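Asks: Structure: run.csv, CSV, C-alpha atoms and all ligand atoms.
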```
chain,number,residue,atom,x,y,z
A,1,MET,CA,124.7,-36.5,56.0
A,2,TYR,CA,126.2,-33.2,57.1
A,3,VAL,CA,124.8,-31.6,60.2
A,4,TYR,CA,125.6,-28.3,61.8
A,5,LEU,CA,126.9,-28.1,65.4
A,6,ASN,CA,128.3,-25.0,67.1
A,7,GLY,CA,130.0,-23.5,64.1
A,8,ASP,CA,131.0,-26.7,62.2
A,9,TYR,CA,129.5,-28.7,59.4
A,10,LEU,CA,130.3,-32.3,60.0
A,11,PRO,CA,129.0,-35.8,59.3
A,12,LEU,CA,126.2,-36.8,61.7
A,13,GLU,CA,128.3,-39.7,63.1
A,14,GLU,CA,130.9,-37.2,64.2
A,15,ALA,CA,128.6,-34.8,66.0
A,16,ARG,CA,129.1,-34.9,69.8
A,17,ILE,CA,127.2,-33.1,72.5
A,18,SER,CA,128.1,-33.0,76.2
A,19,PRO,CA,126.1,-35.1,78.6
A,20,GLU,CA,125.9,-31.9,80.7
A,21,ASP,CA,124.0,-30.1,77.9
A,22,ARG,CA,121.0,-28.4,79.5
A,23,GLY,CA,118.9,-29.6,76.5
A,24,PHE,CA,119.6,-33.1,77.7
A,25,LEU,CA,119.3,-32.5,81.4
A,26,PHE,CA,116.4,-30.0,81.6
A,27,ALA,CA,114.9,-29.8,78.0
A,28,ASP,CA,116.2,-26.2,78.3
A,29,GLY,CA,116.0,-25.1,74.7
A,30,ALA,CA,113.9,-24.2,71.7
A,31,TYR,CA,113.6,-25.6,68.2
A,32,GLU,CA,112.3,-24.8,64.8
A,33,VAL,CA,111.3,-26.9,61.8
A,34,PHE,CA,111.7,-25.4,58.3
A,35,HIS,CA,110.3,-26.8,55.0
A,36,ALA,CA,112.2,-26.2,51.8
A,37,TYR,CA,110.4,-26.7,48.4
A,38,GLU,CA,112.9,-27.3,45.6
A,39,GLY,CA,115.6,-25.6,47.7
A,40,ARG,CA,113.4,-22.6,48.7
A,41,PHE,CA,112.2,-22.3,52.2
A,42,PHE,CA,108.5,-21.5,52.8
A,43,ARG,CA,108.1,-18.6,55.3
A,44,ALA,CA,111.7,-18.8,56.5
A,45,GLU,CA,111.3,-15.4,58.1
A,46,GLY,CA,108.4,-16.5,60.2
A,47,HIS,CA,110.3,-19.5,61.5
A,48,LEU,CA,113.3,-17.4,62.3
A,49,GLN,CA,111.3,-14.7,64.0
A,50,ARG,CA,109.5,-17.4,66.1
A,51,MET,CA,112.9,-18.9,67.0
A,52,ALA,CA,114.0,-15.5,68.2
A,53,ARG,CA,110.9,-15.1,70.2
A,54,SER,CA,111.2,-18.5,71.8
A,55,LEU,CA,114.8,-17.8,72.8
A,56,ARG,CA,113.8,-14.3,74.2
A,57,GLU,CA,111.1,-15.9,76.3
A,58,LEU,CA,113.5,-18.5,77.6
A,59,ARG,CA,116.2,-15.9,78.1
A,60,ILE,CA,118.7,-17.8,75.9
A,61,ASP,CA,121.2,-15.7,74.1
A,62,GLY,CA,121.3,-17.4,70.6
A,63,PRO,CA,123.1,-16.5,67.4
A,64,ASP,CA,121.7,-13.8,65.2
A,65,LEU,CA,119.0,-14.6,62.7
A,66,ASP,CA,121.1,-14.1,59.6
A,67,GLN,CA,123.5,-16.7,60.9
A,68,LEU,CA,120.7,-19.2,61.5
A,69,ARG,CA,119.2,-18.5,58.0
A,70,ASP,CA,122.7,-19.2,56.5
A,71,VAL,CA,123.0,-22.4,58.5
A,72,ALA,CA,119.6,-23.7,57.1
A,73,GLU,CA,120.5,-22.7,53.5
A,74,THR,CA,124.0,-24.2,53.7
A,75,LEU,CA,122.7,-27.5,55.1
A,76,VAL,CA,120.2,-27.8,52.2
A,77,ARG,CA,123.1,-27.1,49.7
A,78,LYS,CA,125.7,-29.3,51.4
A,79,ASN,CA,123.3,-32.3,51.6
A,80,ASN,CA,122.2,-31.9,47.9
A,81,LEU,CA,118.6,-31.3,48.9
A,82,GLU,CA,117.9,-28.5,46.4
A,83,GLN,CA,115.6,-30.8,44.4
A,84,GLY,CA,112.4,-32.1,45.9
A,85,ASN,CA,111.4,-31.3,49.4
A,86,ALA,CA,113.5,-31.1,52.5
A,87,VAL,CA,113.1,-30.3,56.2
A,88,VAL,CA,115.6,-28.5,58.4
A,89,TYR,CA,115.4,-29.2,62.1
A,90,MET,CA,117.2,-26.6,64.3
A,91,GLN,CA,117.6,-26.7,68.1
A,92,ILE,CA,119.3,-24.2,70.4
A,93,THR,CA,119.8,-25.0,74.1
A,94,ARG,CA,121.3,-23.0,77.0
A,95,GLY,CA,124.5,-24.9,76.6
A,96,ALA,CA,126.5,-27.4,78.8
A,97,ALA,CA,127.2,-26.8,82.4
A,98,PRO,CA,127.2,-28.7,85.7
A,99,ARG,CA,123.6,-29.5,86.6
A,100,LYS,CA,122.0,-26.7,88.6
A,101,HIS,CA,118.5,-25.2,88.0
A,102,ALA,CA,119.8,-21.7,88.0
A,103,PHE,CA,121.2,-20.4,84.7
A,104,PRO,CA,124.9,-21.2,84.0
A,105,PRO,CA,127.5,-18.4,83.9
A,106,ASN,CA,126.8,-15.8,81.2
A,107,ASP,CA,129.8,-16.9,79.2
A,108,THR,CA,128.4,-20.4,78.7
A,109,PRO,CA,127.8,-20.7,74.9
A,110,PRO,CA,124.5,-22.0,73.7
A,111,THR,CA,124.5,-25.3,71.8
A,112,VAL,CA,123.3,-24.8,68.3
A,113,TYR,CA,122.4,-27.9,66.3
A,114,ALA,CA,120.7,-28.3,62.9
A,115,LYS,CA,120.1,-31.1,60.5
A,116,ALA,CA,118.6,-31.3,57.0
A,117,TYR,CA,116.9,-34.3,55.5
A,118,PRO,CA,114.7,-35.2,52.5
A,119,HIS,CA,111.0,-35.0,53.2
A,120,THR,CA,107.9,-36.1,51.3
A,121,PRO,CA,104.7,-34.4,52.4
A,122,PRO,CA,102.0,-37.1,53.2
A,123,ARG,CA,100.0,-36.7,49.9
A,124,ASP,CA,97.9,-39.8,50.7
A,125,LEU,CA,96.8,-38.4,54.0
A,126,GLN,CA,96.2,-35.0,52.5
A,127,GLU,CA,93.9,-36.8,50.0
A,128,GLN,CA,92.1,-39.3,52.3
A,129,GLY,CA,92.1,-37.4,55.6
A,130,ILE,CA,93.0,-38.7,59.0
A,131,SER,CA,91.4,-39.7,62.3
A,132,ALA,CA,92.2,-38.1,65.6
A,133,ILE,CA,91.4,-38.7,69.2
A,134,LEU,CA,90.8,-36.1,71.9
A,135,ALA,CA,92.8,-36.0,75.1
A,136,PRO,CA,93.1,-33.6,78.1
A,137,ASP,CA,95.6,-30.8,77.5
A,138,ILE,CA,97.9,-31.4,80.5
A,139,ARG,CA,100.6,-29.1,79.1
A,140,TRP,CA,102.1,-26.0,80.8
A,141,THR,CA,100.6,-22.6,80.0
A,142,ARG,CA,103.5,-21.4,77.8
A,143,CYS,CA,102.6,-23.5,74.7
A,144,ASP,CA,103.4,-20.4,72.7
A,145,ILE,CA,107.1,-21.1,73.2
A,146,LYS,CA,108.5,-23.7,70.8
A,147,SER,CA,110.3,-25.4,73.6
A,148,VAL,CA,111.9,-28.9,73.2
A,149,ALA,CA,110.1,-29.9,76.4
A,150,LEU,CA,107.5,-32.0,74.6
A,151,LEU,CA,106.8,-34.9,76.9
A,152,PRO,CA,103.0,-34.3,77.2
A,153,ASN,CA,102.9,-34.0,73.4
A,154,VAL,CA,104.9,-37.2,73.0
A,155,LEU,CA,102.8,-39.2,75.4
A,156,ALA,CA,99.4,-38.0,74.0
A,157,HIS,CA,100.6,-38.5,70.4
A,158,GLN,CA,101.6,-42.0,71.2
A,159,ARG,CA,98.1,-42.6,72.7
A,160,ALA,CA,96.7,-41.6,69.3
A,161,LYS,CA,99.1,-44.0,67.4
A,162,ASP,CA,98.3,-46.8,69.8
A,163,SER,CA,94.6,-46.4,69.1
A,164,GLY,CA,95.1,-46.3,65.3
A,165,ALA,CA,94.6,-42.6,65.0
A,166,HIS,CA,97.0,-40.1,63.3
A,167,GLU,CA,97.0,-37.2,65.8
A,168,VAL,CA,95.7,-36.2,69.2
A,169,ILE,CA,93.8,-33.0,69.7
A,170,PHE,CA,94.1,-31.5,73.1
A,171,VAL,CA,91.1,-30.2,75.0
A,172,ARG,CA,91.4,-27.6,77.8
A,173,ASP,CA,88.3,-26.5,79.7
A,174,GLY,CA,86.0,-28.0,77.1
A,175,MET,CA,87.9,-26.2,74.2
A,176,LEU,CA,90.0,-27.7,71.4
A,177,THR,CA,93.4,-26.0,71.6
A,178,GLU,CA,95.7,-27.7,69.1
A,179,GLY,CA,97.3,-31.1,68.2
A,180,ALA,CA,100.5,-32.6,69.6
A,181,LEU,CA,102.3,-31.2,66.6
A,182,THR,CA,99.7,-29.4,64.7
A,183,ASN,CA,97.2,-26.5,64.9
A,184,VAL,CA,93.5,-27.3,64.5
A,185,CYS,CA,90.8,-25.5,62.4
A,186,ALA,CA,87.1,-26.3,62.0
A,187,VAL,CA,84.5,-25.1,59.6
A,188,PHE,CA,81.0,-24.2,60.9
A,189,ASP,CA,78.5,-22.9,58.3
A,190,GLY,CA,81.3,-21.7,55.9
A,191,ARG,CA,83.3,-20.0,58.7
A,192,LEU,CA,86.8,-21.2,59.7
A,193,VAL,CA,87.3,-21.3,63.4
A,194,THR,CA,90.6,-21.8,65.2
A,195,TYR,CA,91.9,-21.2,68.8
A,196,PRO,CA,93.2,-17.6,69.1
A,197,LYS,CA,96.9,-16.9,69.5
A,198,SER,CA,97.5,-17.2,73.2
A,199,PRO,CA,99.8,-19.0,75.7
A,200,TYR,CA,97.8,-22.1,75.2
A,201,ILE,CA,98.8,-22.8,71.6
A,202,LEU,CA,101.9,-22.5,69.4
A,203,ALA,CA,101.3,-19.8,66.8
A,204,GLY,CA,101.9,-22.1,63.9
A,205,ILE,CA,103.4,-20.7,60.7
A,206,THR,CA,101.1,-22.9,58.7
A,207,ARG,CA,98.1,-21.7,60.8
A,208,GLY,CA,99.2,-18.1,59.9
A,209,ALA,CA,99.4,-19.0,56.2
A,210,VAL,CA,95.9,-20.7,56.4
A,211,LEU,CA,94.4,-17.6,57.9
A,212,GLU,CA,95.9,-15.4,55.1
A,213,LEU,CA,94.6,-17.9,52.4
A,214,CYS,CA,91.1,-17.7,54.0
A,215,GLU,CA,91.2,-14.0,53.4
A,216,MET,CA,92.3,-14.6,49.8
A,217,LEU,CA,89.5,-17.2,49.3
A,218,ASN,CA,86.9,-15.0,51.0
A,219,VAL,CA,86.4,-17.5,53.8
A,220,PRO,CA,85.4,-15.7,57.0
A,221,VAL,CA,87.6,-16.5,60.0
A,222,GLU,CA,86.9,-16.5,63.7
A,223,GLU,CA,89.8,-16.8,66.1
A,224,VAL,CA,87.8,-18.3,68.9
A,225,PRO,CA,87.9,-21.7,70.6
A,226,ILE,CA,86.2,-24.7,69.1
A,227,LEU,CA,84.0,-26.1,71.8
A,228,GLU,CA,84.2,-29.8,72.2
A,229,LYS,CA,80.4,-29.9,72.6
A,230,ASN,CA,80.0,-28.2,69.2
A,231,LEU,CA,82.2,-30.8,67.4
A,232,PRO,CA,79.2,-32.8,66.2
A,233,ARG,CA,78.0,-29.7,64.3
A,234,ALA,CA,81.3,-29.1,62.6
A,235,ASP,CA,81.2,-29.4,58.8
A,236,GLU,CA,84.9,-29.8,58.4
A,237,LEU,CA,88.0,-30.2,60.6
A,238,MET,CA,91.6,-30.0,59.7
A,239,ILE,CA,95.1,-30.0,61.2
A,240,CYS,CA,98.1,-28.2,59.8
A,241,ASN,CA,101.8,-27.9,60.3
A,242,THR,CA,105.0,-27.2,58.4
A,243,THR,CA,105.8,-30.8,57.4
A,244,SER,CA,102.3,-32.2,56.7
A,245,GLU,CA,100.8,-28.9,55.4
A,246,ILE,CA,96.9,-29.3,55.7
A,247,LEU,CA,95.3,-32.6,56.6
A,248,PRO,CA,91.6,-33.1,56.7
A,249,VAL,CA,90.3,-34.8,59.9
A,250,THR,CA,87.4,-37.0,58.9
A,251,ARG,CA,86.9,-38.9,62.2
A,252,VAL,CA,87.3,-37.9,65.9
A,253,ASN,CA,87.1,-40.6,68.6
A,254,ASP,CA,85.5,-42.8,65.9
A,255,ASN,CA,82.7,-40.3,65.1
A,256,PRO,CA,82.6,-38.9,61.5
A,257,VAL,CA,83.3,-35.2,61.1
A,258,GLY,CA,80.6,-33.7,58.9
A,259,ASN,CA,79.8,-36.3,56.2
A,260,GLY,CA,83.0,-38.1,57.0
A,261,LYS,CA,84.8,-36.9,53.9
A,262,PRO,CA,87.3,-34.0,53.4
A,263,GLY,CA,85.2,-30.9,52.8
A,264,PRO,CA,85.3,-28.1,50.2
A,265,ILE,CA,87.0,-25.4,52.3
A,266,THR,CA,89.7,-27.9,53.3
A,267,ARG,CA,90.2,-28.8,49.7
A,268,ALA,CA,90.4,-25.1,48.6
A,269,LEU,CA,92.9,-24.3,51.3
A,270,GLN,CA,95.1,-27.3,50.5
A,271,GLN,CA,95.1,-26.2,46.8
A,272,ALA,CA,95.9,-22.6,47.7
A,273,TYR,CA,98.6,-23.7,50.2
A,274,ARG,CA,100.3,-25.9,47.5
A,275,GLU,CA,100.3,-23.0,45.1
A,276,ALA,CA,101.7,-20.6,47.8
A,277,THR,CA,104.6,-23.0,48.5
A,278,ARG,CA,105.5,-23.0,44.8
A,279,SER,CA,105.4,-19.2,44.2
A,301,LIG,C1,102.3,-28.0,69.4
A,301,LIG,C2,102.4,-27.5,68.0
A,301,LIG,N1,101.4,-26.8,67.5
A,301,LIG,C3,101.4,-26.3,66.2
A,301,LIG,C4,102.4,-26.7,65.4
A,301,LIG,C5,102.4,-26.2,64.0
A,301,LIG,O1,103.4,-25.2,63.7
A,301,LIG,P1,104.0,-24.9,62.3
A,301,LIG,O2,102.8,-24.6,61.4
A,301,LIG,O3,104.8,-23.7,62.5
A,301,LIG,O4,104.8,-26.1,61.9
A,301,LIG,C6,103.5,-27.4,65.8
A,301,LIG,C7,104.6,-27.8,64.9
A,301,LIG,O5,105.5,-28.5,65.3
A,301,LIG,C8,103.4,-27.9,67.2
A,301,LIG,O6,104.4,-28.6,67.7
```
Go ahead and express the file in the form of structure tokens.
Ligand SMILES: Cc1ncc(COP(=O)(O)O)c(C=O)c1O

Replies:
Amino acid sequence: MYVYLNGDYLPLEEARISPEDRGFLFADGAYEVFHAYEGRFFRAEGHLQRMARSLRELRIDGPDLDQLRDVAETLVRKNNLEQGNAVVYMQITRGAAPRKHAFPPNDTPPTVYAKAYPHTPPRDLQEQGISAILAPDIRWTRCDIKSVALLPNVLAHQRAKDSGAHEVIFVRDGMLTEGALTNVCAVFDGRLVTYPKSPYILAGITRGAVLELCEMLNVPVEEVPILEKNLPRADELMICNTTSEILPVTRVNDNPVGNGKPGPITRALQQAYREATRS
């Protein structure tokens, strides 16, 4: 497996990062996850623009976007991943420097790392649906930045796994914000409801695609919070992200969502999303 590190393509075993890297010491960096279908990235531009935004917000001076696009494409080619599905993980940190909270000198180069690997979207979960648990959203109030500082997400997601669920859905002030690694949408009386873009959620690329597909399918959308107290009235619930696409949520905290089966709007969106990734 060839990975990219600071200008070089090299076998993963040979890739070395300094123990003084600020990604390691402070989680001082941003990341992106791209999904390639038969060698073609879905919404690459959206992911690149979001990486640029994350870096801007963190005041990290990263490479230009053409260079990052080229890295992602080259990794897919070099690792023979043009057939089937592949994921590219890309991370940029503020670089390596003696540990001080203040930014390192301006000439400290960022660390740029990327890796590509084969990926199979979870077709069985897309079909059957998943269960989720709710947990308090104890994250910071800049969840719009795709930062590598994911400890609250990791701990909450593990709580879901420990209880036999697939994902955790965070609740802030009585409102469902998003999952540990997914955005959340519900359906109430034929309308799709999802938390508005704000500092409390990551503006998912898949979420954006879902909202566009709703327009195409004539499903009305309301970007307003889903209230926890209204969950028992939801007809459908789904989570979405780049790697899993759209997963129906059929149980929350052991209670069925709607009739406990994936609903028709979820199904229509899954179908339309699959077609969009092929076109
Ligand atoms: C916290 C969080 N929300 C939402 C998403 C979904 O984003 P995307 O659709 O761009 O993969 C992710 C993806 O990793 C995430 O980590």

Asks: Quick one: distance from atom CA of A:Val76 to atom CA of A:Tyr273 in Å, one decimal?

Replies: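 Between atom CA of A:Val76 and atom CA of A:Tyr273 the gap works out to 22.1 Å.
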
Asks: Skip stretch 5-18 of chain A itself and residues of its chain fewer than 3 positions away, then list as a list in words all residues within 6 Å of it, counting only C-alpha atoms.

Replies: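 Selected residues are Met1, Tyr2, Asp21, Val112 and Tyr113 of chain A.
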
Asks: Please, what distance in Å, to one decimal, runs between atom CA of A:Gly39 and atom CA of A:Ala149?

Replies: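 Pair atom CA of A:Gly39 / atom CA of A:Ala149 returns 29.5 Å.
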
Asks: How many Å lie between atom CA of A:Ala132 and atom O5 of ligand LIG 301 (chain A), rounded to one decimal?

Replies: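 Here the two named atoms are 16.4 Å from each other.
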
Asks: Step by step: start from the point (88.6, -16.1, 68.9) in the file's coordinates, keep every protein, DNA or RNA residue that has an atom no farther than 8 Å from it, count all atoms listed in the file, and write the set as a PyMOL selection string.

Replies: chain A and resi 193-196+222-225

Asks: Taking the point (118.6, -24.9, 79.0) as given in the file, collect each protein or nucleic acid residue that comes within 12 Å of it, counting all atoms listed in the file, and present the set as a short mmCIF file (atom, residue, chain, number, x, y, z; two decimals) with C-alpha atoms, in the coordinates of the input.

Replies:
```
data_model
loop_
_atom_site.label_atom_id
_atom_site.label_comp_id
_atom_site.auth_asym_id
_atom_site.auth_seq_id
_atom_site.Cartn_x
_atom_site.Cartn_y
_atom_site.Cartn_z
CA GLU A 20 125.90 -31.90 80.70
CA ASP A 21 124.00 -30.10 77.90
CA ARG A 22 121.00 -28.40 79.50
CA GLY A 23 118.90 -29.60 76.50
CA PHE A 24 119.60 -33.10 77.70
CA LEU A 25 119.30 -32.50 81.40
CA PHE A 26 116.40 -30.00 81.60
CA ALA A 27 114.90 -29.80 78.00
CA ASP A 28 116.20 -26.20 78.30
CA GLY A 29 116.00 -25.10 74.70
CA ALA A 30 113.90 -24.20 71.70
CA TYR A 31 113.60 -25.60 68.20
CA LEU A 55 114.80 -17.80 72.80
CA LEU A 58 113.50 -18.50 77.60
CA ARG A 59 116.20 -15.90 78.10
CA ILE A 60 118.70 -17.80 75.90
CA ASP A 61 121.20 -15.70 74.10
CA GLY A 62 121.30 -17.40 70.60
CA GLN A 91 117.60 -26.70 68.10
CA ILE A 92 119.30 -24.20 70.40
CA THR A 93 119.80 -25.00 74.10
CA ARG A 94 121.30 -23.00 77.00
CA GLY A 95 124.50 -24.90 76.60
CA ALA A 96 126.50 -27.40 78.80
CA ALA A 97 127.20 -26.80 82.40
CA PRO A 98 127.20 -28.70 85.70
CA ARG A 99 123.60 -29.50 86.60
CA LYS A 100 122.00 -26.70 88.60
CA HIS A 101 118.50 -25.20 88.00
CA ALA A 102 119.80 -21.70 88.00
CA PHE A 103 121.20 -20.40 84.70
CA PRO A 104 124.90 -21.20 84.00
CA THR A 108 128.40 -20.40 78.70
CA PRO A 109 127.80 -20.70 74.90
CA PRO A 110 124.50 -22.00 73.70
CA THR A 111 124.50 -25.30 71.80
CA VAL A 112 123.30 -24.80 68.30
CA SER A 147 110.30 -25.40 73.60
CA VAL A 148 111.90 -28.90 73.20
CA ALA A 149 110.10 -29.90 76.40
#
```

Asks: Residues within 9 Å of ligand LIG 301 (chain A) should be enumerated using all atoms listed in the file and returned as an MDAnalysis selection string.

Replies: chainID A and resid 32:35 46:47 50 143:144 146:147 150 153 178:184 201:209 239:245

Asks: So that I can see what lies close to A:Leu247, please list as a PyMOL selection string the residues with an atom at most 6 Å from it, counting only C-alpha atoms and leaving out residues fewer than 5 positions away in the same chain.

Replies: chain A and resi 126+129+238-239

Asks: Applying 10 Å and only C-alpha atoms, which residues near A:Ala72 remain after dropping the ones on its own chain fewer than 4 positions away? List them as a PyMOL selection string.

Replies: chain A and resi 3-4+34+36+41+44+67-68+76-77+87-90+114-116

Asks: So that I have them on file, write out the residues from the current selection with C-alpha atoms, as an mmCIF file, in the coordinates of the input.

Replies:
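Output file selection.cif is given in full below:
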```cif
data_model
loop_
_atom_site.group_PDB
_atom_site.id
_atom_site.type_symbol
_atom_site.label_atom_id
_atom_site.label_comp_id
_atom_site.auth_asym_id
_atom_site.auth_seq_id
_atom_site.Cartn_x
_atom_site.Cartn_y
_atom_site.Cartn_z
ATOM 1 C CA VAL A 3 124.800 -31.600 60.200
ATOM 2 C CA TYR A 4 125.600 -28.300 61.800
ATOM 3 C CA PHE A 34 111.700 -25.400 58.300
ATOM 4 C CA ALA A 36 112.200 -26.200 51.800
ATOM 5 C CA PHE A 41 112.200 -22.300 52.200
ATOM 6 C CA ALA A 44 111.700 -18.800 56.500
ATOM 7 C CA GLN A 67 123.500 -16.700 60.900
ATOM 8 C CA LEU A 68 120.700 -19.200 61.500
ATOM 9 C CA VAL A 76 120.200 -27.800 52.200
ATOM 10 C CA ARG A 77 123.100 -27.100 49.700
ATOM 11 C CA VAL A 87 113.100 -30.300 56.200
ATOM 12 C CA VAL A 88 115.600 -28.500 58.400
ATOM 13 C CA TYR A 89 115.400 -29.200 62.100
ATOM 14 C CA MET A 90 117.200 -26.600 64.300
ATOM 15 C CA ALA A 114 120.700 -28.300 62.900
ATOM 16 C CA LYS A 115 120.100 -31.100 60.500
ATOM 17 C CA ALA A 116 118.600 -31.300 57.000
#
```

Asks: Could you give me, as a list in words, the residues within 8 Å of A:Ser131, counting all atoms listed in the file and dropping anything in the same chain fewer than 2 positions from it?

Replies: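 Once the adjacent positions are removed, what remains is Gly129, Ile133, Ala165, His166, Glu167, Val249, Thr250, Arg251, Val252, Asn253 and Asp254 of chain A.
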
Asks: Rank nothing, just name the residue among A:Leu192, A:Leu176, A:Val210, A:Ile169 nearest to A:Pro152, using all atoms listed in the file.

Replies: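 Using all atoms listed in the file, A:Pro152 sits closest to A:Ile169.
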
Asks: Tell me which of A:Leu134, A:Leu269, A:Leu211, A:Leu48 sits closest to A:Val71, counting only C-alpha atoms.

Replies: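 So, comparing all the options, the nearest one is A:Leu48.
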
Asks: Using all atoms listed in the file, can you tell me which of A:Ile130, A:Ala160, A:Val221, A:Glu82 comes closest to A:Leu237?

Replies: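 Among the listed residues, the smallest separation from A:Leu237 belongs to A:Ile130.
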